[in-house]
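Participant: Sending over target01.csv (CSV, N, CA and C atoms).
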chain,number,residue,atom,x,y,z
A,1,MET,N,88.0,86.1,62.4
A,1,MET,CA,88.8,86.6,63.5
A,1,MET,C,90.1,85.8,63.8
A,2,ALA,N,90.1,84.6,63.3
A,2,ALA,CA,91.3,83.7,63.5
A,2,ALA,C,92.5,84.1,62.7
A,3,GLU,N,92.3,84.9,61.7
A,3,GLU,CA,93.5,85.3,60.9
A,3,GLU,C,94.3,86.3,61.6
A,4,ALA,N,95.6,86.4,61.2
A,4,ALA,CA,96.5,87.3,61.9
A,4,ALA,C,96.1,88.8,61.6
A,5,GLU,N,96.2,89.6,62.6
A,5,GLU,CA,96.1,91.0,62.5
A,5,GLU,C,97.5,91.6,62.5
A,6,VAL,N,98.0,92.0,61.3
A,6,VAL,CA,99.3,92.5,61.2
A,6,VAL,C,99.3,94.0,61.6
A,7,VAL,N,100.3,94.4,62.5
A,7,VAL,CA,100.4,95.8,62.9
A,7,VAL,C,101.6,96.3,62.1
A,8,SER,N,101.4,97.3,61.4
A,8,SER,CA,102.4,97.9,60.5
A,8,SER,C,103.6,98.4,61.3
A,9,PRO,N,104.8,98.2,60.8
A,9,PRO,CA,106.0,98.7,61.5
A,9,PRO,C,105.9,100.2,61.7
A,10,GLY,N,106.3,100.7,62.8
A,10,GLY,CA,106.2,102.1,63.1
A,10,GLY,C,104.9,102.5,63.7
A,11,VAL,N,103.9,101.6,63.7
A,11,VAL,CA,102.6,101.9,64.3
A,11,VAL,C,102.3,100.8,65.4
A,12,ALA,N,102.8,101.1,66.6
A,12,ALA,CA,102.6,100.2,67.7
A,12,ALA,C,101.1,100.2,68.2
A,13,GLN,N,100.4,99.1,68.0
A,13,GLN,CA,99.0,99.1,68.4
A,13,GLN,C,98.6,97.7,68.8
A,14,LEU,N,99.5,96.9,69.5
A,14,LEU,CA,99.2,95.6,69.9
A,14,LEU,C,98.1,95.6,71.0
A,15,ALA,N,98.1,96.5,71.9
A,15,ALA,CA,97.1,96.6,73.0
A,15,ALA,C,95.8,96.9,72.4
A,16,GLU,N,95.7,97.8,71.4
A,16,GLU,CA,94.5,98.1,70.7
A,16,GLU,C,93.9,96.9,70.0
A,17,THR,N,94.8,96.2,69.3
A,17,THR,CA,94.3,94.9,68.6
A,17,THR,C,93.8,93.9,69.6
A,18,PHE,N,94.4,93.8,70.8
A,18,PHE,CA,93.9,92.9,71.8
A,18,PHE,C,92.6,93.3,72.3
A,19,GLN,N,92.4,94.6,72.5
A,19,GLN,CA,91.2,95.2,73.0
A,19,GLN,C,90.0,94.9,72.0
A,20,ARG,N,90.3,95.1,70.7
A,20,ARG,CA,89.3,94.8,69.7
A,20,ARG,C,88.9,93.4,69.7
A,21,ILE,N,89.8,92.5,69.9
A,21,ILE,CA,89.5,91.0,70.0
A,21,ILE,C,88.6,90.8,71.2
A,22,VAL,N,89.0,91.3,72.4
A,22,VAL,CA,88.2,91.1,73.6
A,22,VAL,C,86.8,91.7,73.4
A,23,ASP,N,86.7,92.9,72.9
A,23,ASP,CA,85.4,93.6,72.7
A,23,ASP,C,84.5,92.9,71.7
A,24,SER,N,85.0,92.1,70.8
A,24,SER,CA,84.2,91.4,69.8
A,24,SER,C,83.7,90.1,70.4
A,25,LEU,N,84.1,89.7,71.6
A,25,LEU,CA,83.6,88.4,72.1
A,25,LEU,C,82.3,88.5,72.9
A,26,PRO,N,81.5,87.4,72.9
A,26,PRO,CA,80.3,87.4,73.8
A,26,PRO,C,80.8,87.4,75.3
A,27,ASP,N,79.9,87.8,76.1
A,27,ASP,CA,80.2,87.9,77.6
A,27,ASP,C,80.5,86.6,78.2
A,28,ASP,N,80.1,85.5,77.6
A,28,ASP,CA,80.4,84.2,78.3
A,28,ASP,C,81.7,83.5,77.9
A,29,TRP,N,82.6,84.3,77.3
A,29,TRP,CA,83.9,83.7,76.9
A,29,TRP,C,84.7,83.4,78.2
A,30,SER,N,85.4,82.3,78.3
A,30,SER,CA,86.1,82.0,79.5
A,30,SER,C,87.6,82.0,79.3
A,31,GLY,N,88.1,81.8,78.1
A,31,GLY,CA,89.5,81.7,77.9
A,31,GLY,C,89.9,82.0,76.4
A,32,LEU,N,91.1,82.6,76.3
A,32,LEU,CA,91.7,82.9,74.9
A,32,LEU,C,93.1,82.3,74.8
A,33,GLU,N,93.4,82.0,73.7
A,33,GLU,CA,94.8,81.6,73.4
A,33,GLU,C,95.2,82.5,72.2
A,34,LEU,N,96.3,83.3,72.4
A,34,LEU,CA,96.8,84.2,71.4
A,34,LEU,C,98.3,83.9,71.1
A,35,ASP,N,98.7,84.1,69.9
A,35,ASP,CA,100.2,84.0,69.6
A,35,ASP,C,100.7,85.4,69.3
A,36,LEU,N,101.9,85.7,69.7
A,36,LEU,CA,102.5,87.0,69.5
A,36,LEU,C,103.9,86.8,68.8
A,37,ARG,N,104.1,87.6,67.8
A,37,ARG,CA,105.4,87.7,67.2
A,37,ARG,C,105.9,89.1,67.1
A,38,ILE,N,107.1,89.4,67.4
A,38,ILE,CA,107.6,90.7,67.3
A,38,ILE,C,108.5,90.8,66.0
A,39,PHE,N,108.5,91.9,65.4
A,39,PHE,CA,109.2,92.1,64.1
A,39,PHE,C,110.7,92.2,64.2
A,40,ASP,N,111.1,92.9,65.2
A,40,ASP,CA,112.6,93.1,65.4
A,40,ASP,C,113.1,92.1,66.5
A,41,GLU,N,113.6,91.0,66.0
A,41,GLU,CA,114.1,90.0,67.0
A,41,GLU,C,115.3,90.4,67.8
A,42,GLU,N,115.9,91.5,67.4
A,42,GLU,CA,117.0,92.0,68.3
A,42,GLU,C,116.5,92.6,69.6
A,43,ARG,N,115.2,92.9,69.6
A,43,ARG,CA,114.6,93.4,70.8
A,43,ARG,C,113.8,92.4,71.6
A,44,TYR,N,114.1,91.1,71.4
A,44,TYR,CA,113.4,90.0,72.0
A,44,TYR,C,113.5,90.1,73.5
A,45,VAL,N,114.8,90.2,74.0
A,45,VAL,CA,115.0,90.2,75.5
A,45,VAL,C,114.2,91.4,76.1
A,46,GLN,N,114.3,92.6,75.5
A,46,GLN,CA,113.6,93.7,76.0
A,46,GLN,C,112.1,93.4,76.0
A,47,ALA,N,111.6,92.9,74.9
A,47,ALA,CA,110.1,92.5,74.9
A,47,ALA,C,109.8,91.5,75.9
A,48,ALA,N,110.6,90.5,76.2
A,48,ALA,CA,110.3,89.5,77.1
A,48,ALA,C,110.2,90.1,78.5
A,49,THR,N,110.9,91.1,78.9
A,49,THR,CA,110.8,91.8,80.2
A,49,THR,C,109.5,92.4,80.3
A,50,PHE,N,108.9,92.9,79.3
A,50,PHE,CA,107.5,93.5,79.3
A,50,PHE,C,106.5,92.4,79.4
A,51,MET,N,106.7,91.4,78.6
A,51,MET,CA,105.7,90.3,78.5
A,51,MET,C,105.5,89.5,79.8
A,52,VAL,N,106.5,89.6,80.7
A,52,VAL,CA,106.5,88.7,81.9
A,52,VAL,C,105.3,89.0,82.8
A,53,THR,N,104.7,90.2,82.6
A,53,THR,CA,103.5,90.6,83.4
A,53,THR,C,102.3,89.7,83.1
A,54,CYS,N,102.3,89.1,82.0
A,54,CYS,CA,101.1,88.2,81.6
A,54,CYS,C,101.5,86.7,81.5
A,55,ASN,N,102.7,86.4,81.9
A,55,ASN,CA,103.2,85.0,82.0
A,55,ASN,C,103.0,84.2,80.7
A,56,PRO,N,103.6,84.7,79.5
A,56,PRO,CA,103.4,84.0,78.3
A,56,PRO,C,104.3,82.8,78.2
A,57,GLN,N,103.9,81.9,77.3
A,57,GLN,CA,104.7,80.7,77.1
A,57,GLN,C,105.6,80.9,75.9
A,58,PRO,N,106.9,80.9,76.1
A,58,PRO,CA,107.8,81.2,74.9
A,58,PRO,C,107.9,79.9,74.0
A,59,TYR,N,107.9,80.2,72.8
A,59,TYR,CA,108.1,79.1,71.8
A,59,TYR,C,109.6,79.0,71.5
A,60,SER,N,110.0,77.8,71.2
A,60,SER,CA,111.4,77.7,70.8
A,60,SER,C,111.4,77.1,69.4
A,61,ARG,N,112.2,77.6,68.5
A,61,ARG,CA,112.3,77.1,67.1
A,61,ARG,C,110.9,77.2,66.5
A,62,HIS,N,110.3,78.3,66.5
A,62,HIS,CA,108.9,78.4,66.0
A,62,HIS,C,108.8,79.8,65.3
A,63,ASP,N,107.9,80.0,64.5
A,63,ASP,CA,107.7,81.3,63.8
A,63,ASP,C,107.1,82.3,64.7
A,64,TRP,N,106.5,81.9,65.8
A,64,TRP,CA,105.9,82.9,66.7
A,64,TRP,C,106.8,82.9,68.0
A,65,HIS,N,106.7,84.0,68.7
A,65,HIS,CA,107.6,84.1,69.9
A,65,HIS,C,106.9,83.7,71.2
A,66,TRP,N,105.6,84.0,71.4
A,66,TRP,CA,105.0,83.7,72.6
A,66,TRP,C,103.5,83.2,72.4
A,67,ARG,N,103.1,82.3,73.3
A,67,ARG,CA,101.7,81.9,73.4
A,67,ARG,C,101.2,82.6,74.6
A,68,ILE,N,100.1,83.3,74.5
A,68,ILE,CA,99.5,84.0,75.6
A,68,ILE,C,98.1,83.4,75.9
A,69,ARG,N,98.0,83.0,77.2
A,69,ARG,CA,96.7,82.4,77.6
A,69,ARG,C,96.0,83.5,78.5
A,70,CYS,N,94.8,83.7,78.3
A,70,CYS,CA,94.0,84.8,79.0
A,70,CYS,C,92.7,84.2,79.5
A,71,ALA,N,92.4,84.5,80.8
A,71,ALA,CA,91.2,84.0,81.4
A,71,ALA,C,90.3,85.2,81.6
A,72,HIS,N,89.0,85.0,81.3
A,72,HIS,CA,88.0,86.1,81.5
A,72,HIS,C,87.8,86.5,82.9
A,73,ARG,N,87.1,85.6,83.7
A,73,ARG,CA,86.7,85.9,85.1
A,73,ARG,C,87.4,84.9,86.1
A,74,PHE,N,87.9,83.8,85.6
A,74,PHE,CA,88.5,82.8,86.5
A,74,PHE,C,89.4,81.9,85.7
A,75,GLY,N,90.2,81.1,86.3
A,75,GLY,CA,91.1,80.2,85.7
A,75,GLY,C,92.5,80.5,85.9
A,76,SER,N,93.4,79.6,85.4
A,76,SER,CA,94.8,79.7,85.6
A,76,SER,C,95.5,80.3,84.4
A,77,ALA,N,95.1,81.4,84.1
A,77,ALA,CA,95.7,82.2,83.0
A,77,ALA,C,95.7,83.7,83.3
A,78,ALA,N,96.3,84.5,82.5
A,78,ALA,CA,96.4,85.9,82.8
A,78,ALA,C,95.1,86.6,82.7
A,79,ALA,N,94.9,87.6,83.5
A,79,ALA,CA,93.6,88.4,83.4
A,79,ALA,C,93.8,89.3,82.1
A,80,PRO,N,92.6,89.7,81.5
A,80,PRO,CA,92.7,90.5,80.3
A,80,PRO,C,93.5,91.8,80.6
A,81,SER,N,93.3,92.4,81.8
A,81,SER,CA,94.0,93.6,82.1
A,81,SER,C,95.6,93.4,82.1
A,82,ALA,N,96.0,92.2,82.6
A,82,ALA,CA,97.5,91.9,82.6
A,82,ALA,C,98.0,91.8,81.2
A,83,VAL,N,97.2,91.2,80.3
A,83,VAL,CA,97.6,91.0,78.9
A,83,VAL,C,97.7,92.4,78.2
A,84,HIS,N,96.6,93.2,78.5
A,84,HIS,CA,96.5,94.5,77.9
A,84,HIS,C,97.7,95.4,78.3
A,85,THR,N,98.1,95.3,79.6
A,85,THR,CA,99.2,96.1,80.2
A,85,THR,C,100.5,95.6,79.5
A,86,ALA,N,100.7,94.3,79.4
A,86,ALA,CA,102.0,93.9,78.7
A,86,ALA,C,102.1,94.4,77.3
A,87,LEU,N,101.0,94.3,76.6
A,87,LEU,CA,101.0,94.7,75.2
A,87,LEU,C,101.1,96.2,75.1
A,88,LYS,N,100.6,97.0,76.0
A,88,LYS,CA,100.7,98.4,76.1
A,88,LYS,C,102.1,98.8,76.3
A,89,LEU,N,102.8,98.0,77.2
A,89,LEU,CA,104.3,98.3,77.4
A,89,LEU,C,105.1,98.1,76.1
A,90,LEU,N,104.7,97.1,75.4
A,90,LEU,CA,105.4,96.9,74.1
A,90,LEU,C,105.1,98.0,73.1
A,91,ASP,N,103.9,98.5,73.1
A,91,ASP,CA,103.5,99.6,72.3
A,91,ASP,C,104.3,100.9,72.7
A,92,ASN,N,104.4,101.1,74.0
A,92,ASN,CA,105.1,102.3,74.5
A,92,ASN,C,106.5,102.3,74.1
A,93,ALA,N,107.1,101.1,74.1
A,93,ALA,CA,108.5,100.9,73.8
A,93,ALA,C,108.7,100.8,72.2
A,94,ARG,N,107.7,101.0,71.5
A,94,ARG,CA,107.7,101.0,70.0
A,94,ARG,C,108.3,99.6,69.5
A,95,ILE,N,107.9,98.5,70.2
A,95,ILE,CA,108.2,97.2,69.7
A,95,ILE,C,107.0,96.7,68.9
A,96,ASP,N,107.1,96.7,67.6
A,96,ASP,CA,106.0,96.3,66.8
A,96,ASP,C,105.9,94.8,66.6
A,97,GLY,N,104.7,94.3,66.3
A,97,GLY,CA,104.6,92.9,66.1
A,97,GLY,C,103.2,92.5,65.5
A,98,GLU,N,102.9,91.3,65.7
A,98,GLU,CA,101.7,90.7,65.1
A,98,GLU,C,101.0,89.8,66.2
A,99,LEU,N,99.8,90.0,66.4
A,99,LEU,CA,99.0,89.2,67.3
A,99,LEU,C,97.9,88.5,66.6
A,100,VAL,N,97.8,87.2,66.9
A,100,VAL,CA,96.7,86.4,66.3
A,100,VAL,C,96.0,85.5,67.3
A,101,LEU,N,94.7,85.5,67.2
A,101,LEU,CA,93.8,84.7,68.1
A,101,LEU,C,93.8,83.3,67.6
A,102,ARG,N,94.2,82.3,68.4
A,102,ARG,CA,94.3,80.9,68.1
A,102,ARG,C,93.1,80.1,68.6
A,103,GLY,N,92.6,80.5,69.7
A,103,GLY,CA,91.5,79.7,70.3
A,103,GLY,C,90.7,80.5,71.3
A,104,ILE,N,89.4,80.1,71.4
A,104,ILE,CA,88.5,80.7,72.4
A,104,ILE,C,87.7,79.5,73.1
A,105,THR,N,87.6,79.6,74.4
A,105,THR,CA,86.7,78.7,75.1
A,105,THR,C,85.6,79.6,75.7
A,106,SER,N,84.4,79.0,75.7
A,106,SER,CA,83.3,79.8,76.3
A,106,SER,C,82.3,78.8,76.9
A,107,GLY,N,81.5,79.4,77.8
A,107,GLY,CA,80.4,78.6,78.4
A,107,GLY,C,80.9,77.8,79.6
A,108,ARG,N,82.2,77.9,80.0
A,108,ARG,CA,82.7,77.2,81.1
A,108,ARG,C,82.3,78.0,82.4
A,109,VAL,N,82.1,77.3,83.5
A,109,VAL,CA,81.8,78.0,84.7
A,109,VAL,C,82.8,77.5,85.8
A,110,GLU,N,83.1,78.4,86.7
A,110,GLU,CA,83.9,78.1,87.8
A,110,GLU,C,83.2,77.1,88.8
A,111,VAL,N,83.9,76.1,89.2
A,111,VAL,CA,83.4,75.1,90.1
A,111,VAL,C,84.1,75.3,91.5
A,112,VAL,N,83.3,75.6,92.4
A,112,VAL,CA,83.8,75.8,93.8
A,112,VAL,C,83.0,75.0,94.8
A,113,PRO,N,83.6,74.1,95.5
A,113,PRO,CA,82.9,73.3,96.4
A,113,PRO,C,82.4,74.2,97.6
A,114,THR,N,81.1,74.1,97.8
A,114,THR,CA,80.5,75.0,98.9
A,114,THR,C,80.1,74.2,100.1
A,115,TRP,N,80.2,72.9,100.0
A,115,TRP,CA,79.9,72.1,101.2
A,115,TRP,C,80.7,72.5,102.4
A,116,GLY,N,80.1,72.7,103.5
A,116,GLY,CA,80.8,73.0,104.7
A,116,GLY,C,81.0,74.5,104.8
A,117,ARG,N,80.7,75.3,103.8
A,117,ARG,CA,80.9,76.7,103.9
A,117,ARG,C,79.7,77.4,104.5
A,118,PRO,N,79.8,78.5,105.2
A,118,PRO,CA,78.7,79.2,105.7
A,118,PRO,C,77.7,79.7,104.7
A,119,GLU,N,76.5,79.9,105.0
A,119,GLU,CA,75.5,80.4,104.1
A,119,GLU,C,75.9,81.7,103.5
A,120,SER,N,76.5,82.6,104.4
A,120,SER,CA,77.0,83.9,103.9
A,120,SER,C,77.9,83.8,102.7
A,121,PHE,N,78.8,82.8,102.7
A,121,PHE,CA,79.7,82.5,101.6
A,121,PHE,C,78.9,82.1,100.4
A,122,ARG,N,78.0,81.2,100.5
A,122,ARG,CA,77.2,80.7,99.4
A,122,ARG,C,76.4,81.8,98.8
A,123,LYS,N,75.8,82.7,99.6
A,123,LYS,CA,75.0,83.8,99.1
A,123,LYS,C,75.9,84.8,98.3
A,124,GLU,N,77.0,85.1,98.9
A,124,GLU,CA,78.0,86.0,98.2
A,124,GLU,C,78.5,85.4,96.9
A,125,PHE,N,78.8,84.1,96.9
A,125,PHE,CA,79.2,83.5,95.7
A,125,PHE,C,78.1,83.5,94.6
A,126,ARG,N,76.9,83.3,95.0
A,126,ARG,CA,75.8,83.4,94.0
A,126,ARG,C,75.6,84.8,93.5
A,127,ARG,N,75.7,85.8,94.4
A,127,ARG,CA,75.6,87.2,94.0
A,127,ARG,C,76.7,87.6,93.0
A,128,ILE,N,77.9,87.2,93.3
A,128,ILE,CA,79.0,87.6,92.4
A,128,ILE,C,78.9,86.9,91.0
A,129,HIS,N,78.4,85.7,91.0
A,129,HIS,CA,78.4,84.9,89.7
A,129,HIS,C,77.0,85.0,89.0
A,130,ALA,N,76.1,85.8,89.5
A,130,ALA,CA,74.8,86.0,88.9
A,130,ALA,C,74.9,87.0,87.7
A,131,GLN,N,76.1,87.7,87.6
A,131,GLN,CA,76.2,88.7,86.5
A,131,GLN,C,76.4,88.1,85.2
Could you rewrite the structure in this file as structure tokens?

Facilitator:
Amino acid sequence: MAEAEVVSPGVAQLAETFQRIVDSLPDDWSGLELDLRIFDEERYVQAATFMVTCNPQPYSRHDWHWRIRCAHRFGSAAAPSAVHTALKLLDNARIDGELVLRGITSGRVEVVPTWGRPESFRKEFRRIHAQ
């Protein structure tokens, strides 16, 4: 899965590629790191305006254009729906590219201090995170 999935020019399917990656993961994944490269660098500024919805990290002087960090249920990264939306916007604009999975983290859990919180908060927290 770590090798690049090349999307053929003229066939925009970055969002579909991302969805296949997410669907192939076990439910306990907590974070993803992906790299994205567009084929037509003349459309970089246009692509950047679509990508802003998932807050990617731009590369400078690199073969790839953006590093995308995605968090499953918690964390300081974009939600899968935000990444999917950004890639779907690229697809709709016919901006073709290549998406590659660089890293996966799993098994991490959110740590929330519950000391001093009411019992109703602790029960709701346990109910939400029991899934």

Participant: Looking at only C-alpha atoms, which of A:His62, A:Val112, A:Ser120, A:Gly107 is the one that sits closest to Pro26 in chain A?

Facilitator: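 Among the listed residues, A:Gly107 lies closest to Pro26 in chain A.
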
Participant: Please identify the alpha helix (DSSP H) residues within range 8-84 of chain A (assignment by DSSP from backbone atoms) and present them as a list in words.

Facilitator: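 Selecting the alpha helix (DSSP H) positions of range 8-84 of chain A gives Leu14, Ala15, Glu16, Thr17, Phe18, Gln19, Arg20, Ile21, Val22, Asp23, Tyr44, Val45, Gln46, Ala47, Ala48, Thr49, Phe50, Met51, Pro80, Ser81, Ala82, Val83 and His84 of chain A.
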
Participant: Quick check for you: according to DSSP on this backbone, which residues of range 38-104 of chain A are classed as strand (DSSP E)? Reply as a list in words.

Facilitator: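 So the strand (DSSP E) residues in range 38-104 of chain A would be Ile38, Gln57, Pro58, Trp66, Arg67, Ile68, Arg69, Cys70, Ala71, Gly97, Glu98, Leu99, Val100, Leu101, Arg102, Gly103 and Ile104 of chain A.
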
Participant: Would you mind telling me which residue in A:Leu90, A:Thr114, A:Cys70, A:Ala78 lies nearest to Leu32 in chain A when using only N, CA and C atoms?

Facilitator: A:Cys70

Participant: Closest to Ile38 in chain A among A:His72, A:Gly116, A:Ile104, A:Leu14, using only C-alpha atoms?

Facilitator: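 Of A:His72, A:Gly116, A:Ile104, A:Leu14, the one nearest Ile38 in chain A is A:Leu14, counting only C-alpha atoms.
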
Participant: Suppose you want the space between atom N of Ala93 in chain A and CA of Phe39 in chain A; what is it in Å?

Facilitator: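 Taking atom N of Ala93 in chain A and CA of Phe39 in chain A, their separation equals 13.6 Å.
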
Participant: One number please: atom C of Ala86 in chain A to CA of Phe50 in chain A, in Å, one decimal.

Facilitator: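 For atom C of Ala86 in chain A relative to CA of Phe50 in chain A, the distance reads 5.8 Å.
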
Participant: Of the candidates A:Leu34, A:Asp40, A:His65, A:Arg20, which shows the shortest atom-to-atom distance to Ile95 in chain A, using all atoms listed in the file?

Facilitator: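 Under the stated criterion, the closest residue is A:Asp40.
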
Participant: What is the CA of Ser30 in chain A to CA of Phe74 in chain A distance in Å?

Facilitator: 7.4 Å

Participant: Tell me which of A:Gly31, A:Gly75, A:Pro56, A:Gly97 sits closest to Ala15 in chain A, counting only C-alpha atoms.

Facilitator: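 Closest residue, counting only C-alpha atoms: A:Gly97.
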
Participant: Choose the residue, out of A:His129, A:Tyr59, A:Ile68, A:Gln13, that has the smallest atom-to-atom separation from Asp91 in chain A; count all atoms listed in the file.

Facilitator: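 Residue with the minimum atom-to-atom distance to Asp91 in chain A: A:Gln13.
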